[in-house]
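Visitor: Once you've had a glance at the structure underneath, I'll fire off some questions.
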Amino acid sequence: MIKATSNPELLSWIGREATYTAREELGRASIRYFALAIDDDNPLYRDADYAAESRYGGIVAPPTLICETNQFAGETEDSNGYIGHHWDLPINNGRFMRGSNDYEFFHPVLPTDRVTVKWKITEIYERKTRKLGTLIFVSSVASYHNQDGKLLATNKETNIYQP
Amino acid sequence: MTMVSKTYESVTEGEVLPLISYTVNLHSLVKYAAATWDFHRYHYDAEFAKSVGMPAPFADGQMFGALLARLVMSWAGRDAFMRRLQYRQNATVFADETIIVTGQVRRKSMDGGKPVIHVVMAVTKADGTSVIRDATAQVELAPEAAPSAAMQRDEAQ
């Protein structure tokens with residue numbers, strides 16, 4: 001069963017936006033670090049000579065790197081140690097689960113790109129489940145532009161809260 | 001290391017991509033958390049994870065997106081461009097669990113003269129638990145007749 005949440009305060013969050021601009025260019029070190037973190041030995045992300053021969057003419061970022069936006073948000077560390085973007089939703093209890101991601105990529109992301117991410121809440125609804133009771137689904141879309149206003153990627157994301 | 005760029009002709013529908021076996025543990029969780037500036041304690045602090053009702057530190061869902069992209073990009077080679085990646089997560093992966101990331105070519109098509117490969121993927125725990133099923137990716141291969149950026153640069157000199 002799906003219904004819009006009965007909490008009018010929560011409903012008022014639909015349409016809210018948050019925008020963050022990176023303080024600096026992405027950089028080759030960030031790209032190599034991300035690849036290293038997932039044991040990705042693709043030389044496109046770390047070998048300048050190899051990448052120079054590619055269609056890109058140089059090193060590019062792994063596709064989902066810029067969709068990790070903590071680096072751009074630069075928020076003050078909260079009591080959980082978190083410095084990234086989050087919506088301060090009026091939901092009691094913090095059990096939080098990932099639902100789904102739908103990434104679209106429009107241009108290669110370069111080390112020289114300085115990224116601006118804009119988040120927007122598109123949908124909030126409740127669903128009753130047998131195992132976990134009532135869950136709140138929050139869908140948002142993020143768009144990522146570079147310093148020239150070029151749209152690099154979008155990310156439609158749904159997260160699930162267990163109130 | 002050199003990687004061969006896949007060509008449209010060389011890709012067959014039903015082709016299986018080389019799988020990735022990846023162990024999520026405090027070591028890999030810390031690496032990914034650091035690389036993505038995600039310092040939330042539930043990714044590396046066992047006591048904290050328990051305090052929020054989780055049995056152990058756990059992986060962020062976008063880590064699976066990164067691994068799915070790695071699977072496709074490594075297979076597709078130097079000139080690949082990821083166009084789209086979609087997945088739904090059905091289970092949480094905790095520290096000291098191993099996951100297998102698999103993929104298979106569903107079909108290939110020409111889109112506006114550009115060769116696009118459609119891949120379907122899954123993430124499964126070693127015990128068989130499904131984490132992600134029916135993830136999809138669209139990856140564009142380099143147009144075969146078009147000169148590479150490097151060639152264009154050489155010609156310009």
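Identifiers in this document derive from the order of the structure tokens: chains are assigned A, B, ..., residues are numbered from 1 separately in each chain, and ligands are numbered from 1 in order of occurrence.
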Write down as a PyMOL selection string the residues belonging to chain B that are assigned alpha helix (DSSP H) by DSSP computed on the backbone.

Guide: chain B and resi 26-35+46-51+61-76+149-156

Visitor: Neighbouring residues of region 65-76 of chain B were defined as those with any atom within 7 Å, considering only C-alpha atoms; residues of the same chain fewer than 3 positions away were excluded. Please report them as a count of residues only.

Guide: 12

Visitor: Using backbone DSSP assignments, extract all strand (DSSP E or B) residues from region 11-79 of chain A; output them as a PyMOL selection string.

Guide: chain A and resi 17-21

Visitor: Kindly export the residues of the current selection with N, CA and C atoms, as a PDB file, in the first residue's frame.

Guide:
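So the final result, stored in part29.pdb, reads:
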```pdb
ATOM      1  N   GLU A  17      15.295  22.472  -1.949  1.00  0.00           N
ATOM      2  CA  GLU A  17      16.562  22.352  -2.673  1.00  0.00           C
ATOM      3  C   GLU A  17      17.750  22.658  -1.766  1.00  0.00           C
ATOM      4  N   ALA A  18      18.868  22.102  -2.140  1.00  0.00           N
ATOM      5  CA  ALA A  18      20.135  22.417  -1.467  1.00  0.00           C
ATOM      6  C   ALA A  18      21.226  22.419  -2.525  1.00  0.00           C
ATOM      7  N   THR A  19      22.051  23.443  -2.533  1.00  0.00           N
ATOM      8  CA  THR A  19      23.099  23.565  -3.547  1.00  0.00           C
ATOM      9  C   THR A  19      24.456  23.727  -2.872  1.00  0.00           C
ATOM     10  N   TYR A  20      25.431  22.994  -3.387  1.00  0.00           N
ATOM     11  CA  TYR A  20      26.802  23.073  -2.860  1.00  0.00           C
ATOM     12  C   TYR A  20      27.773  23.180  -4.029  1.00  0.00           C
ATOM     13  N   THR A  21      28.730  24.049  -3.900  1.00  0.00           N
ATOM     14  CA  THR A  21      29.780  24.162  -4.909  1.00  0.00           C
ATOM     15  C   THR A  21      31.115  23.762  -4.284  1.00  0.00           C
TER      16      THR A  21
END
```

Visitor: Please compute the CA of Pro143 (chain B)-CA of Arg55 (chain A) distance, one decimal, in Å.

Guide: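 So the two atoms, CA of Pro143 (chain B) and CA of Arg55 (chain A), lie 9.6 Å apart.
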
Visitor: Could you list the residues in chain B lying within 7 Å of chain A, using only C-alpha atoms, and format the result as a ChimeraX atom specification?

Guide: /B:28,31-32,35-41,52,61,65-67,69-70,74,78-79,82-89,148-150

Visitor: Limited to C-alpha atoms, could you put the picked residues into a file as an mmCIF file, in the first residue's frame?

Guide:
```cif
data_model
loop_
_atom_site.group_PDB
_atom_site.id
_atom_site.type_symbol
_atom_site.label_atom_id
_atom_site.label_comp_id
_atom_site.auth_asym_id
_atom_site.auth_seq_id
_atom_site.Cartn_x
_atom_site.Cartn_y
_atom_site.Cartn_z
ATOM 1 C CA SER B 28 37.697 -1.504 2.662
ATOM 2 C CA LYS B 31 39.124 3.275 2.298
ATOM 3 C CA TYR B 32 35.810 4.038 0.613
ATOM 4 C CA ALA B 35 37.815 8.582 -0.548
ATOM 5 C CA THR B 36 34.231 9.856 -0.486
ATOM 6 C CA TRP B 37 34.612 12.055 2.591
ATOM 7 C CA ASP B 38 31.940 9.999 4.335
ATOM 8 C CA PHE B 39 33.033 10.013 7.951
ATOM 9 C CA HIS B 40 29.748 8.759 9.397
ATOM 10 C CA ARG B 41 30.587 6.488 12.325
ATOM 11 C CA VAL B 52 21.591 2.558 15.779
ATOM 12 C CA GLY B 61 24.814 1.982 -1.204
ATOM 13 C CA GLY B 65 27.323 1.816 -7.826
ATOM 14 C CA ALA B 66 31.070 2.386 -7.892
ATOM 15 C CA LEU B 67 31.709 -1.370 -8.139
ATOM 16 C CA ALA B 69 30.704 1.004 -12.837
ATOM 17 C CA ARG B 70 34.135 -0.568 -12.285
ATOM 18 C CA SER B 74 37.072 -2.352 -16.929
ATOM 19 C CA ARG B 78 39.912 2.522 -22.632
ATOM 20 C CA ASP B 79 37.417 4.414 -24.766
ATOM 21 C CA MET B 82 29.190 5.208 -19.129
ATOM 22 C CA ARG B 83 25.847 6.741 -20.065
ATOM 23 C CA ARG B 84 23.519 5.358 -17.435
ATOM 24 C CA LEU B 85 23.589 3.137 -14.372
ATOM 25 C CA GLN B 86 20.487 2.051 -12.439
ATOM 26 C CA TYR B 87 20.090 -0.231 -9.447
ATOM 27 C CA ARG B 88 17.905 -0.961 -6.450
ATOM 28 C CA GLN B 89 19.385 -2.220 -3.218
ATOM 29 C CA SER B 148 40.814 9.413 -31.043
ATOM 30 C CA ALA B 149 41.481 12.667 -29.245
ATOM 31 C CA ALA B 150 45.178 11.819 -29.318
#
```

Visitor: Excluding same-chain residues fewer than 6 positions from Phe81 (chain B), what lies within 7 Å of it counting only C-alpha atoms, as an NGL selection string?

Guide: :B and (139-141)

Visitor: So that I can see what lies close to Glu123 (chain A), please list as a PDB file with C-alpha atoms, in the first residue's frame the residues with an atom at most 7 Å from it, counting only C-alpha atoms and leaving out residues fewer than 3 positions away in the same chain.

Guide:
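Final output, saved to result.pdb:
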```pdb
ATOM      1  CA  ILE A  14       8.804  18.216  -1.204  1.00  0.00           C
ATOM      2  CA  VAL A 138      12.181  10.049   0.155  1.00  0.00           C
ATOM      3  CA  SER A 139      13.129  10.571  -3.488  1.00  0.00           C
ATOM      4  CA  SER A 140      15.419  13.310  -4.623  1.00  0.00           C
TER       5      SER A 140
END
```

Visitor: Write out as a list in words the residues lying within 12 Å of Val24 (chain B), counting only C-alpha atoms and excluding same-chain residues fewer than 6 positions away.

Guide: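 Using only C-alpha atoms, the neighbours found are Ala37, Ile38 and Asp39 of chain A; Val30, Lys31, Tyr32, Ala33, His43, Tyr44, Ala56, Pro57, Phe58, Ala59, Asp60, Met63, Phe64, Leu67, Thr92, Val93, Phe94, Ala95, Asp96, Glu97, Thr98, Ile99, Ile100, Lys125 and Ala126 of chain B.
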